[in-house]
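For reference, input38.cif is printed below; it contains mmCIF, C-alpha atoms.
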```cif
data_target
loop_
_atom_site.label_atom_id
_atom_site.label_comp_id
_atom_site.auth_asym_id
_atom_site.auth_seq_id
_atom_site.Cartn_x
_atom_site.Cartn_y
_atom_site.Cartn_z
CA MET A 224 -7.87 16.44 3.33
CA GLU A 225 -4.34 15.16 3.88
CA ASP A 226 -3.01 13.24 0.86
CA ALA A 227 -4.34 9.66 0.86
CA SER A 228 -0.86 8.16 0.45
CA ARG A 229 0.34 9.95 3.59
CA LEU A 230 -2.78 8.85 5.44
CA MET A 231 -2.02 5.27 4.42
CA GLU A 232 1.49 5.63 5.84
CA ARG A 233 -0.13 6.61 9.14
CA VAL A 234 -2.51 3.65 8.87
CA ARG A 235 0.51 1.38 8.54
CA ALA A 236 1.63 2.78 11.91
CA ARG A 237 -1.82 1.79 13.29
CA ASP A 238 -3.20 5.34 13.40
CA ALA A 239 -6.98 4.91 13.71
CA ASP A 240 -7.60 8.65 13.24
CA ALA A 241 -5.91 8.58 9.83
CA PHE A 242 -8.00 5.54 8.92
CA GLU A 243 -11.19 7.38 9.90
CA VAL A 244 -10.30 10.29 7.58
CA LEU A 245 -9.87 7.79 4.72
CA TYR A 246 -13.17 6.12 5.59
CA ASP A 247 -15.02 9.43 5.60
CA GLU A 248 -13.53 10.40 2.24
CA TYR A 249 -13.95 7.11 0.35
CA HIS A 250 -16.81 5.10 1.91
CA ARG A 251 -19.41 6.62 -0.46
CA LEU A 252 -17.35 5.50 -3.44
CA VAL A 253 -16.97 1.95 -2.13
CA TYR A 254 -20.58 1.63 -1.01
CA GLY A 255 -22.01 3.24 -4.14
CA LEU A 256 -19.97 0.98 -6.39
CA ALA A 257 -21.03 -2.11 -4.45
CA VAL A 258 -24.71 -1.10 -4.61
CA ARG A 259 -24.42 -0.55 -8.36
CA VAL A 260 -22.86 -3.98 -8.91
CA LEU A 261 -24.98 -5.95 -6.43
CA SER A 262 -28.29 -4.01 -6.41
CA ASP A 263 -28.50 -4.91 -2.74
CA ALA A 264 -27.95 -2.32 0.01
CA ALA A 265 -27.29 -4.82 2.79
CA ALA A 266 -24.74 -6.76 0.73
CA ALA A 267 -23.13 -3.46 -0.29
CA GLU A 268 -22.69 -2.56 3.39
CA ASP A 269 -21.00 -5.92 3.93
CA VAL A 270 -18.68 -5.26 0.99
CA THR A 271 -17.87 -1.76 2.31
CA GLN A 272 -17.07 -3.14 5.76
CA ALA A 273 -14.95 -5.93 4.29
CA VAL A 274 -13.00 -3.54 2.05
CA PHE A 275 -12.17 -1.08 4.82
CA LEU A 276 -11.29 -3.75 7.37
CA LYS A 277 -9.01 -5.36 4.78
CA ILE A 278 -7.28 -2.01 4.29
CA TRP A 279 -6.84 -1.66 8.05
CA SER A 280 -5.56 -5.21 8.54
CA ASP A 281 -3.27 -5.21 5.52
CA PRO A 282 -2.38 -1.61 4.55
CA ALA A 283 0.69 -2.80 2.64
CA LEU A 284 -1.70 -3.91 -0.11
CA PHE A 285 -1.72 -0.28 -1.25
CA ARG A 286 1.60 0.31 -2.95
CA GLY A 287 1.19 3.96 -3.84
CA GLY A 288 -0.38 5.72 -6.81
CA ASN A 289 -3.95 6.91 -7.10
CA PHE A 290 -5.72 5.77 -3.94
CA GLY A 291 -9.21 6.40 -5.34
CA ALA A 292 -8.47 4.22 -8.36
CA TRP A 293 -7.03 1.53 -6.12
CA ILE A 294 -9.89 1.38 -3.64
CA ALA A 295 -12.44 1.44 -6.48
CA ARG A 296 -10.71 -1.60 -7.98
CA VAL A 297 -10.67 -3.40 -4.63
CA ALA A 298 -14.36 -2.61 -4.07
CA ARG A 299 -15.43 -3.71 -7.57
CA ASN A 300 -13.47 -6.96 -7.35
CA ARG A 301 -14.94 -7.68 -3.92
CA ALA A 302 -18.48 -7.01 -5.14
CA PHE A 303 -17.97 -9.39 -8.08
CA ASP A 304 -16.62 -12.00 -5.66
CA VAL A 305 -19.93 -11.75 -3.79
CA LEU A 306 -21.88 -12.12 -7.04
CA ARG A 307 -19.84 -15.17 -7.99
CA SER A 308 -20.42 -16.76 -4.62
CA ARG A 309 -24.19 -16.36 -5.09
CA THR A 310 -24.50 -18.29 -8.34
CA ALA A 311 -22.61 -21.43 -9.16
CA HIS A 312 -22.36 -20.70 -12.88
CA ALA A 313 -22.02 -16.94 -12.77
CA GLU A 314 -18.25 -16.84 -13.10
CA SER A 315 -18.21 -17.18 -16.86
CA ALA A 316 -20.67 -14.30 -17.15
CA LEU A 317 -18.59 -11.90 -15.10
CA SER A 318 -15.66 -9.84 -16.15
CA GLN A 319 -12.21 -10.43 -14.74
CA ALA A 320 -10.63 -8.26 -12.10
CA LEU A 321 -9.50 -4.79 -13.06
CA PRO A 322 -5.81 -4.45 -13.87
CA VAL A 323 -3.56 -4.05 -10.84
CA ASP A 324 -0.97 -1.67 -12.27
CA ASP A 325 -2.13 1.46 -10.44
CA ALA A 326 1.28 3.03 -10.85
CA LEU A 327 0.46 3.59 -14.51
CA GLU A 328 -2.47 5.78 -13.61
CA ASP A 329 -1.69 9.45 -13.43
CA THR A 330 -3.32 11.65 -10.84
CA ALA A 331 -4.86 14.13 -13.29
CA LEU A 332 -8.30 12.88 -12.32
CA ALA A 333 -7.40 11.83 -8.80
CA ARG A 334 -9.90 14.11 -7.10
CA ILE A 335 -12.81 13.93 -9.49
CA ASP A 336 -16.26 14.46 -8.07
CA GLY A 337 -18.97 11.86 -8.65
CA GLU A 338 -21.57 14.39 -9.77
CA ARG A 339 -19.27 15.75 -12.45
CA VAL A 340 -18.56 12.24 -13.75
CA ARG A 341 -22.27 11.45 -13.87
CA GLU A 342 -22.83 14.57 -15.96
CA ALA A 343 -19.95 13.63 -18.26
CA LEU A 344 -21.24 10.07 -18.67
CA ALA A 345 -24.75 11.34 -19.35
CA GLY A 346 -23.24 13.52 -22.06
CA LEU A 347 -21.91 10.51 -23.96
CA PRO A 348 -24.03 9.09 -26.81
CA ARG A 349 -26.17 6.26 -25.46
CA GLU A 350 -24.52 3.71 -27.75
CA GLN A 351 -21.18 4.48 -26.09
CA ARG A 352 -22.37 4.94 -22.49
CA GLU A 353 -24.39 1.73 -22.24
CA PRO A 354 -21.67 -0.78 -23.18
CA ILE A 355 -19.23 0.97 -20.84
CA GLU A 356 -21.65 0.72 -17.92
CA LEU A 357 -22.64 -2.85 -18.81
CA GLY A 358 -18.99 -3.83 -18.87
CA PHE A 359 -17.92 -2.04 -15.71
CA PHE A 360 -20.91 -2.50 -13.41
CA GLY A 361 -22.53 -5.52 -15.04
CA GLY A 362 -19.34 -7.47 -15.65
CA ALA A 363 -20.43 -8.22 -19.21
CA SER A 364 -17.74 -9.17 -21.68
CA GLN A 365 -17.63 -7.44 -25.04
CA GLU A 366 -18.87 -10.63 -26.70
CA GLN A 367 -21.89 -10.74 -24.37
CA ILE A 368 -22.67 -7.09 -25.11
CA ALA A 369 -22.42 -7.81 -28.83
CA ARG A 370 -24.87 -10.74 -28.47
CA GLN A 371 -27.29 -8.67 -26.33
CA THR A 372 -27.30 -5.72 -28.70
CA GLY A 373 -27.03 -7.64 -31.95
CA LEU A 374 -24.09 -5.47 -32.97
CA PRO A 375 -20.86 -6.78 -34.51
CA LEU A 376 -18.15 -7.33 -31.87
CA GLY A 377 -15.84 -4.86 -33.59
CA THR A 378 -18.49 -2.15 -33.33
CA VAL A 379 -18.93 -2.78 -29.60
CA LYS A 380 -15.17 -2.59 -29.03
CA THR A 381 -14.82 0.62 -30.97
CA ARG A 382 -17.77 2.26 -29.20
CA ILE A 383 -16.35 1.42 -25.78
CA ARG A 384 -12.94 2.78 -26.67
CA SER A 385 -14.39 5.93 -28.23
CA GLY A 386 -16.62 6.48 -25.21
CA LEU A 387 -13.76 6.12 -22.73
CA ARG A 388 -11.58 8.47 -24.79
CA LYS A 389 -14.35 11.05 -24.93
CA LEU A 390 -14.98 10.73 -21.19
CA ARG A 391 -11.30 11.19 -20.43
CA THR A 392 -11.11 14.26 -22.66
CA VAL A 393 -14.25 15.85 -21.19
CA LEU A 394 -13.12 15.23 -17.60
CA THR A 395 -9.58 16.43 -18.18
CA GLY A 396 -11.06 19.61 -19.62
CA ALA A 397 -13.34 19.92 -16.60
CA VAL A 398 -10.41 19.50 -14.23
CA THR A 399 -8.16 21.99 -15.97
CA ALA A 400 -10.94 24.50 -16.65
CA MET B 257 -3.67 -11.74 -36.90
CA MET B 258 -5.19 -8.70 -35.20
CA SER B 259 -4.75 -5.26 -36.75
CA HIS B 260 -3.23 -2.58 -34.55
CA ASP B 261 -6.57 -0.76 -34.33
CA GLU B 262 -8.14 -3.96 -32.98
CA LEU B 263 -5.33 -4.20 -30.43
CA LEU B 264 -6.07 -0.62 -29.35
CA ASP B 265 -9.72 -1.58 -28.91
CA ASN B 266 -8.57 -4.45 -26.69
CA ILE B 267 -6.63 -1.97 -24.54
CA ALA B 268 -9.96 -0.33 -23.70
CA ALA B 269 -11.48 -3.70 -22.81
CA TYR B 270 -8.47 -4.46 -20.63
CA ALA B 271 -8.72 -1.12 -18.83
CA LEU B 272 -12.41 -1.77 -18.23
CA GLY B 273 -11.69 -5.20 -16.73
CA GLN B 274 -13.54 -7.06 -19.50
CA LEU B 275 -10.91 -9.54 -20.60
CA SER B 276 -10.30 -13.12 -19.54
CA PRO B 277 -6.97 -13.74 -17.73
CA ALA B 278 -5.47 -15.19 -20.94
CA GLU B 279 -6.58 -12.20 -23.03
CA ALA B 280 -5.41 -9.77 -20.33
CA GLU B 281 -2.00 -11.44 -20.24
CA SER B 282 -1.71 -11.12 -23.99
CA VAL B 283 -2.54 -7.38 -23.80
CA VAL B 284 0.01 -6.85 -21.02
CA ARG B 285 2.68 -8.63 -23.08
CA HIS B 286 1.86 -6.48 -26.09
CA MET B 287 2.04 -3.25 -24.06
CA GLN B 288 5.55 -4.17 -22.94
CA THR B 289 6.74 -3.68 -26.50
CA CYS B 290 4.25 -1.17 -27.91
CA GLU B 291 4.57 2.37 -26.62
CA GLN B 292 1.44 3.48 -28.52
CA CYS B 293 -0.76 0.92 -26.76
CA LEU B 294 0.83 1.68 -23.39
CA GLU B 295 0.08 5.35 -23.91
CA GLU B 296 -3.49 4.48 -24.86
CA TYR B 297 -3.84 2.51 -21.65
CA ARG B 298 -2.43 5.38 -19.59
CA PHE B 299 -4.90 7.70 -21.28
CA LEU B 300 -7.96 5.46 -20.76
CA ARG B 301 -7.34 4.16 -17.27
CA PRO B 302 -8.38 7.39 -15.44
CA ALA B 303 -11.62 7.34 -17.47
CA VAL B 304 -12.34 3.89 -16.03
CA THR B 305 -11.70 5.21 -12.53
CA ALA B 306 -14.07 8.04 -13.34
CA VAL B 307 -16.76 5.51 -14.31
CA ALA B 308 -16.32 4.02 -10.84
CA TYR B 309 -16.78 7.46 -9.29
CA SER B 310 -20.05 7.87 -11.16
CA ALA B 311 -21.49 5.31 -8.74
CA GLU B 312 -20.38 7.27 -5.66
CA SER B 313 -23.33 7.30 -3.30
CA VAL B 314 -25.12 10.63 -2.98
CA ALA B 315 -27.28 9.34 -0.14
CA ASP B 316 -25.93 9.11 3.38
CA VAL B 317 -24.53 5.69 4.18
CA SER B 318 -25.68 4.22 7.48
CA PRO B 319 -23.67 5.68 10.39
CA LEU B 320 -23.98 2.27 12.03
CA LEU B 321 -21.68 0.90 9.34
CA LYS B 322 -19.00 3.42 10.24
CA ALA B 323 -19.53 2.70 13.93
CA ARG B 324 -19.00 -1.03 13.33
CA VAL B 325 -15.85 -0.49 11.28
CA MET B 326 -14.33 2.08 13.63
CA ARG B 327 -15.11 0.03 16.74
CA HIS B 328 -13.07 -2.82 15.32
CA VAL B 329 -10.27 -0.51 14.14
CA ARG B 330 -9.94 1.45 17.39
CA ALA B 331 -10.00 -1.71 19.49
CA GLU B 332 -7.26 -3.23 17.38
CA ALA B 333 -5.24 0.01 17.45
CA ARG B 334 -5.46 0.11 21.26
CA ARG B 335 -4.32 -3.50 21.52
CA SER B 336 -1.34 -3.00 19.25
CA ARG B 337 -0.07 0.43 20.28
CA PRO B 338 1.24 -0.23 23.81
CA GLN B 339 3.31 -3.19 22.70
CA ILE B 340 6.01 -1.17 21.05
CA TRP B 341 6.29 2.07 23.00
CA PRO B 342 7.23 0.50 26.34
CA ALA B 343 9.89 -1.35 24.38
CA TYR B 344 11.25 1.95 23.13
CA ALA B 345 11.01 3.48 26.60
CA LEU B 346 12.97 0.52 27.88
CA ALA B 347 15.50 0.88 25.09
CA ALA B 348 15.86 4.58 25.87
CA ALA B 349 16.34 3.82 29.58
CA CYS B 350 19.00 1.22 28.76
CA LEU B 351 20.81 3.73 26.57
CA ALA B 352 20.71 6.30 29.37
CA ILE B 353 22.12 3.76 31.82
CA ALA B 354 24.86 2.89 29.35
CA ILE B 355 25.81 6.56 29.03
CA PHE B 356 25.87 7.02 32.81
CA THR B 357 27.95 3.87 33.36
CA GLY B 358 30.44 4.96 30.74
CA LEU B 359 30.93 8.31 32.35
CA ALA B 360 31.30 6.80 35.84
CA ASN B 361 33.95 4.38 34.58
CA LEU B 362 35.79 7.23 32.94
CA SER B 363 35.89 9.16 36.21
CA LEU B 364 37.23 6.13 38.08
CA ASN B 365 39.84 5.37 35.45
CA ASP B 366 40.96 8.97 35.44
CA ARG B 367 41.53 8.94 39.18
CA LEU B 368 43.34 5.59 39.16
CA ASN B 369 45.93 6.01 36.47
CA GLY B 370 46.08 9.75 36.04
CA ASP B 371 46.62 9.28 32.36
CA ARG B 372 45.08 12.51 31.09
CA ALA B 373 45.52 11.74 27.36
CA GLN B 374 43.82 8.39 27.70
CA ALA B 375 41.02 9.99 29.69
CA VAL B 376 40.46 12.63 26.99
CA ALA B 377 40.39 9.97 24.26
CA GLN B 378 37.92 7.94 26.28
CA LEU B 379 35.81 11.04 26.87
CA ASN B 380 35.71 11.77 23.12
CA ARG B 381 34.66 8.20 22.39
CA ASP B 382 31.95 8.42 25.01
CA ARG B 383 30.78 11.76 23.67
CA ALA B 384 30.48 10.28 20.17
CA GLN B 385 28.63 7.27 21.55
CA SER B 386 26.36 9.52 23.61
CA ALA B 387 25.60 11.65 20.56
CA ALA B 388 24.75 8.52 18.53
CA GLN B 389 22.53 7.25 21.33
CA ALA B 390 20.83 10.63 21.68
CA GLN B 391 20.26 10.63 17.91
CA THR B 392 18.72 7.16 18.12
CA ILE B 393 16.33 8.22 20.86
CA ALA B 394 15.42 11.39 18.94
CA ASP B 395 14.79 9.43 15.72
CA LEU B 396 12.68 6.76 17.42
CA SER B 397 10.62 9.35 19.26
CA ALA B 398 10.13 11.76 16.34
CA SER B 399 6.48 12.31 15.45
CA ASP B 400 7.32 12.34 11.73
CA SER B 401 9.22 9.05 11.75
CA GLN B 402 7.73 6.33 9.56
CA ARG B 403 6.90 3.05 11.28
CA HIS B 404 6.44 -0.25 9.49
CA ARG B 405 5.15 -2.83 11.90
CA PHE B 406 5.60 -6.58 11.87
CA ALA B 407 4.93 -9.33 14.38
CA ARG B 408 8.11 -8.90 16.46
CA GLY B 409 8.52 -5.13 16.28
CA GLU B 410 8.90 -2.48 13.66
CA VAL B 411 11.21 -0.89 11.15
CA VAL B 412 11.52 2.84 11.76
CA THR B 413 12.81 5.42 9.31
CA HIS B 414 13.48 9.05 10.04
CA GLY B 415 14.94 10.95 7.13
CA THR B 416 17.75 8.76 5.87
CA HIS B 417 18.14 6.99 9.23
CA LEU B 418 17.02 3.37 9.32
CA TYR B 419 16.36 1.30 12.46
CA ILE B 420 14.96 -2.08 13.24
CA ALA B 421 13.39 -2.50 16.67
CA LEU B 422 12.61 -6.00 17.92
CA ARG B 423 11.08 -7.11 21.17
CA ASP B 424 11.66 -10.29 23.20
CA LEU B 425 14.22 -11.62 20.75
CA PRO B 426 15.54 -14.99 21.99
CA ALA B 427 19.29 -15.64 22.08
CA PRO B 428 20.42 -17.17 18.77
CA PRO B 429 21.77 -20.75 18.79
CA GLU B 430 25.39 -21.24 19.88
CA GLY B 431 27.82 -19.88 17.28
CA HIS B 432 25.11 -17.82 15.58
CA VAL B 433 24.06 -14.18 15.47
CA TYR B 434 21.18 -12.19 14.05
CA GLN B 435 21.88 -10.48 10.76
CA ALA B 436 19.95 -7.65 9.12
CA TRP B 437 19.44 -7.52 5.34
CA THR B 438 18.31 -4.71 3.11
CA LEU B 439 16.81 -4.79 -0.38
CA PRO B 440 18.25 -1.83 -2.31
CA LYS B 441 15.95 -0.02 -4.73
CA ALA B 442 15.95 -1.58 -8.22
CA SER B 443 17.63 -4.71 -6.85
CA LYS B 444 16.19 -8.19 -6.67
CA THR B 445 18.59 -9.61 -4.10
CA MET B 446 19.02 -8.83 -0.43
CA ALA B 447 22.27 -7.16 0.58
CA PRO B 448 23.94 -8.09 3.89
CA SER B 449 23.79 -5.46 6.62
CA VAL B 450 24.97 -5.55 10.25
CA THR B 451 25.00 -8.54 12.61
CA PHE B 452 23.79 -8.14 16.18
CA GLU B 453 22.96 -9.90 19.44
CA PRO B 454 19.63 -9.45 21.23
CA SER B 455 19.57 -7.03 24.14
CA GLU B 456 18.80 -8.47 27.57
CA SER B 457 16.44 -5.55 28.21
CA GLY B 458 13.82 -7.17 25.97
CA ALA B 459 14.03 -4.41 23.35
CA THR B 460 16.72 -4.65 20.71
CA VAL B 461 17.18 -1.50 18.65
CA VAL B 462 19.68 -1.63 15.78
CA ARG B 463 20.70 1.27 13.56
CA LEU B 464 21.36 0.01 10.04
CA PRO B 465 24.09 1.86 8.17
CA GLU B 466 22.15 1.92 4.88
CA ALA B 467 20.23 5.08 3.95
CA ALA B 468 16.51 4.52 4.49
CA THR B 469 15.80 6.29 1.22
CA ALA B 470 17.86 3.75 -0.72
CA VAL B 471 16.14 0.56 0.42
CA VAL B 472 12.68 -0.90 -0.13
CA ALA B 473 12.70 -3.77 2.35
CA VAL B 474 14.47 -4.93 5.51
CA ALA B 475 14.83 -8.50 6.76
CA VAL B 476 16.43 -10.28 9.73
CA SER B 477 17.67 -13.86 9.84
CA VAL B 478 19.81 -16.07 12.07
CA GLU B 479 23.27 -16.59 10.58
CA PRO B 480 26.60 -18.11 11.61
CA GLU B 481 28.92 -15.79 13.58
CA GLY B 482 30.59 -13.32 11.25
CA GLY B 483 27.48 -13.08 9.10
CA SER B 484 26.65 -14.43 5.66
CA LYS B 485 26.69 -13.05 2.14
CA GLN B 486 23.23 -14.45 1.42
CA PRO B 487 20.54 -15.44 3.96
CA THR B 488 20.99 -19.09 4.92
CA THR B 489 17.88 -19.38 7.10
CA LYS B 490 14.27 -18.32 6.70
CA PRO B 491 13.95 -14.65 7.77
CA ILE B 492 12.27 -14.02 11.13
CA ALA B 493 11.17 -10.65 9.75
CA LEU B 494 10.69 -9.33 6.23
CA VAL B 495 9.32 -5.81 6.07
CA ARG B 496 8.58 -3.72 2.98
CA ILE B 497 9.13 -0.02 3.66
#
```
Please lay out the structure from this file as structure tokens.
Amino acid sequence: MEDASRLMERVRARDADAFEVLYDEYHRLVYGLAVRVLSDAAAAEDVTQAVFLKIWSDPALFRGGNFGAWIARVARNRAFDVLRSRTAHAESALSQALPVDDALEDTALARIDGERVREALAGLPREQREPIELGFFGGASQEQIARQTGLPLGTVKTRIRSGLRKLRTVLTGAVTA
Amino acid sequence: MMSHDELLDNIAAYALGQLSPAEAESVVRHMQTCEQCLEEYRFLRPAVTAVAYSAESVADVSPLLKARVMRHVRAEARRSRPQIWPAYALAAACLAIAIFTGLANLSLNDRLNGDRAQAVAQLNRDRAQSAAQAQTIADLSASDSQRHRFARGEVVTHGTHLYIALRDLPAPPEGHVYQAWTLPKASKTMAPSVTFEPSESGATVVRLPEAATAVVAVAVSVEPEGGSKQPTTKPIALVRI
């Protein structure tokens, strides 16, 4: 596939074919993420449609960097917006938006495949994997995870950091292998 | 007071999107002065993206969803595309007419005064102008030119060449002109570029002297004749490129 940044340049020039290539490449990521956050296939379709139409209507929102990381952030934030809109008091229970500084993200893992990540995550010790998934897909803060698990907050923080470091190391090895 | 190890743990929480805005701001401030934490963030962030990819759907997503999205996109693309190309065609036709008229005048002048040296100088000027016009048409028509659309037209770059194309630009108020502005890379203030009048053809195409590779944004505003050093009116166009 043509590089996503170049495709986005074509989208800025209103090239629908370039947009379709991006849709084909990334819609499973957006939809899958939305399903995981919302546990609702119909709502996940709405999120997917909203995310891609937003990209088409305002392509300047993407300012370069890792497109996969960027669209995943947009999709996750949108899915949490939907969750917030469903429950009046849910906001305090949900995590804040992911950081916006995509430029800091290198492209070493830019083309990672979902199956490989699932294997790598499954390979983490449960006590590291679960708080990472609760935080990312469940929007739980570290304090909430500590309360749920009965673990000290410091332990939760350290496990999340260690898990992410291990995941990064395993995946970088998988990419370079 | 947090230990540095605790701060590093907070970097992970920040990367995972688990911090409140106030906590996130505090982490960002810390990373501005702590290379170790910034490096930790750079290391962890792709792992967070990878977590997102773990949710990538393995099942087929409804083709109806794609049909809905693409129907909207293609309809919008069809509506927007014709607006600018006729403008360019018109601009190209106007340039061709200008070239023809120039050459015809040269021939007439040559016959009338017989001043060969003046005719040669005029011919050279026309040749230079024709070459510039041909370059403009080639740049605007190139398939690899980059187009950045806005409501009244688009900014086009081709290599280092930088153009702004506007359609149906009204005449500026008496004593005023349009002025282009560019935002150089790593600068926070707009730099003045050329002033220009709208073309009567309906399509105004202006070549900016700045190298396209050296600027990150282009703007146009109405300014007093002679131009300004800083924009004095709200820009009618502001385009990030």
Counting only C-alpha atoms, a student should be able to say which residues of chain B come within 8 Å of chain A; what is the right answer, written as a VMD selection string? chain B and resid 262 265 to 266 268 to 277 298 to 314 316 to 317 321 to 322 325 to 326 329 to 330 333 336 to 337 402 to 405 496
For CA of Glu248 (chain A) and CA of Phe406 (chain B), the interatomic separation in Å (one decimal): 27.3 Å
Residues in the PyMOL selection byres ((chain B and resi 469) around 12), expressed as a list in words: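 For this structure, the PyMOL selection byres ((chain B and resi 469) around 12) captures Gln402, Val412, Thr413, His414, Gly415, Thr416, His417, Leu418, Thr438, Leu439, Pro440, Lys441, Pro465, Glu466, Ala467, Ala468, Ala470, Val471, Val472, Ala473 and Ile497 of chain B.
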Deliver the residues from the most recent selection as a file, using C-alpha atoms, as a PDB file, keeping the file's coordinate frame.
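Below is the file that was written, part.pdb:
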```
ATOM      1  CA  GLN B 402       7.730   6.330   9.560  1.00  0.00           C
ATOM      2  CA  VAL B 412      11.520   2.840  11.760  1.00  0.00           C
ATOM      3  CA  THR B 413      12.810   5.420   9.310  1.00  0.00           C
ATOM      4  CA  HIS B 414      13.480   9.050  10.040  1.00  0.00           C
ATOM      5  CA  GLY B 415      14.940  10.950   7.130  1.00  0.00           C
ATOM      6  CA  THR B 416      17.750   8.760   5.870  1.00  0.00           C
ATOM      7  CA  HIS B 417      18.140   6.990   9.230  1.00  0.00           C
ATOM      8  CA  LEU B 418      17.020   3.370   9.320  1.00  0.00           C
ATOM      9  CA  THR B 438      18.310  -4.710   3.110  1.00  0.00           C
ATOM     10  CA  LEU B 439      16.810  -4.790  -0.380  1.00  0.00           C
ATOM     11  CA  PRO B 440      18.250  -1.830  -2.310  1.00  0.00           C
ATOM     12  CA  LYS B 441      15.950  -0.020  -4.730  1.00  0.00           C
ATOM     13  CA  PRO B 465      24.090   1.860   8.170  1.00  0.00           C
ATOM     14  CA  GLU B 466      22.150   1.920   4.880  1.00  0.00           C
ATOM     15  CA  ALA B 467      20.230   5.080   3.950  1.00  0.00           C
ATOM     16  CA  ALA B 468      16.510   4.520   4.490  1.00  0.00           C
ATOM     17  CA  ALA B 470      17.860   3.750  -0.720  1.00  0.00           C
ATOM     18  CA  VAL B 471      16.140   0.560   0.420  1.00  0.00           C
ATOM     19  CA  VAL B 472      12.680  -0.900  -0.130  1.00  0.00           C
ATOM     20  CA  ALA B 473      12.700  -3.770   2.350  1.00  0.00           C
ATOM     21  CA  ILE B 497       9.130  -0.020   3.660  1.00  0.00           C
TER      22      ILE B 497
END
```
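Taking CA of Ser443 (chain B) as the reference point, CA of Ala388 (chain B) is found at 29.5 Å.
The smallest atom-to-atom distance between Thr451 (chain B) and any of B:Gly482, B:Gly431, B:Pro426, B:Pro319, using all atoms listed in the file, is found for B:Gly482.
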Work out how far apart CA of Pro429 (chain B) and CA of Glu453 (chain B) are and give it in Å to one decimal.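 About the pair CA of Pro429 (chain B) and CA of Glu453 (chain B): they are 10.9 Å apart.
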Show me, as an MDAnalysis selection string, the residues that have an atom within 8 Å of Leu264 (chain B) when counting all atoms listed in the file, minus same-chain residues fewer than 3 positions from it. chainID B and resid 260:261 267:268 293 296
I need the chosen residues saved as a PDB file, in the coordinates of the input, with C-alpha atoms.
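Here's the written file part37.pdb:
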```pdb
ATOM      1  CA  HIS B 260      -3.230  -2.580 -34.550  1.00  0.00           C
ATOM      2  CA  ASP B 261      -6.570  -0.760 -34.330  1.00  0.00           C
ATOM      3  CA  ILE B 267      -6.630  -1.970 -24.540  1.00  0.00           C
ATOM      4  CA  ALA B 268      -9.960  -0.330 -23.700  1.00  0.00           C
ATOM      5  CA  CYS B 293      -0.760   0.920 -26.760  1.00  0.00           C
ATOM      6  CA  GLU B 296      -3.490   4.480 -24.860  1.00  0.00           C
TER       7      GLU B 296
END
```
Produce the centre coordinates and the three edge lengths, each in Å to one decimal, of the box along x, y and z that contains all listed atoms of region 447-453 of chain B with 8 Å added on each side, as AutoDock Vina command-line options.
```
--center_x 23.6 --center_y -7.7 --center_z 10.0 --size_x 18.7 --size_y 20.4 --size_z 34.9
```
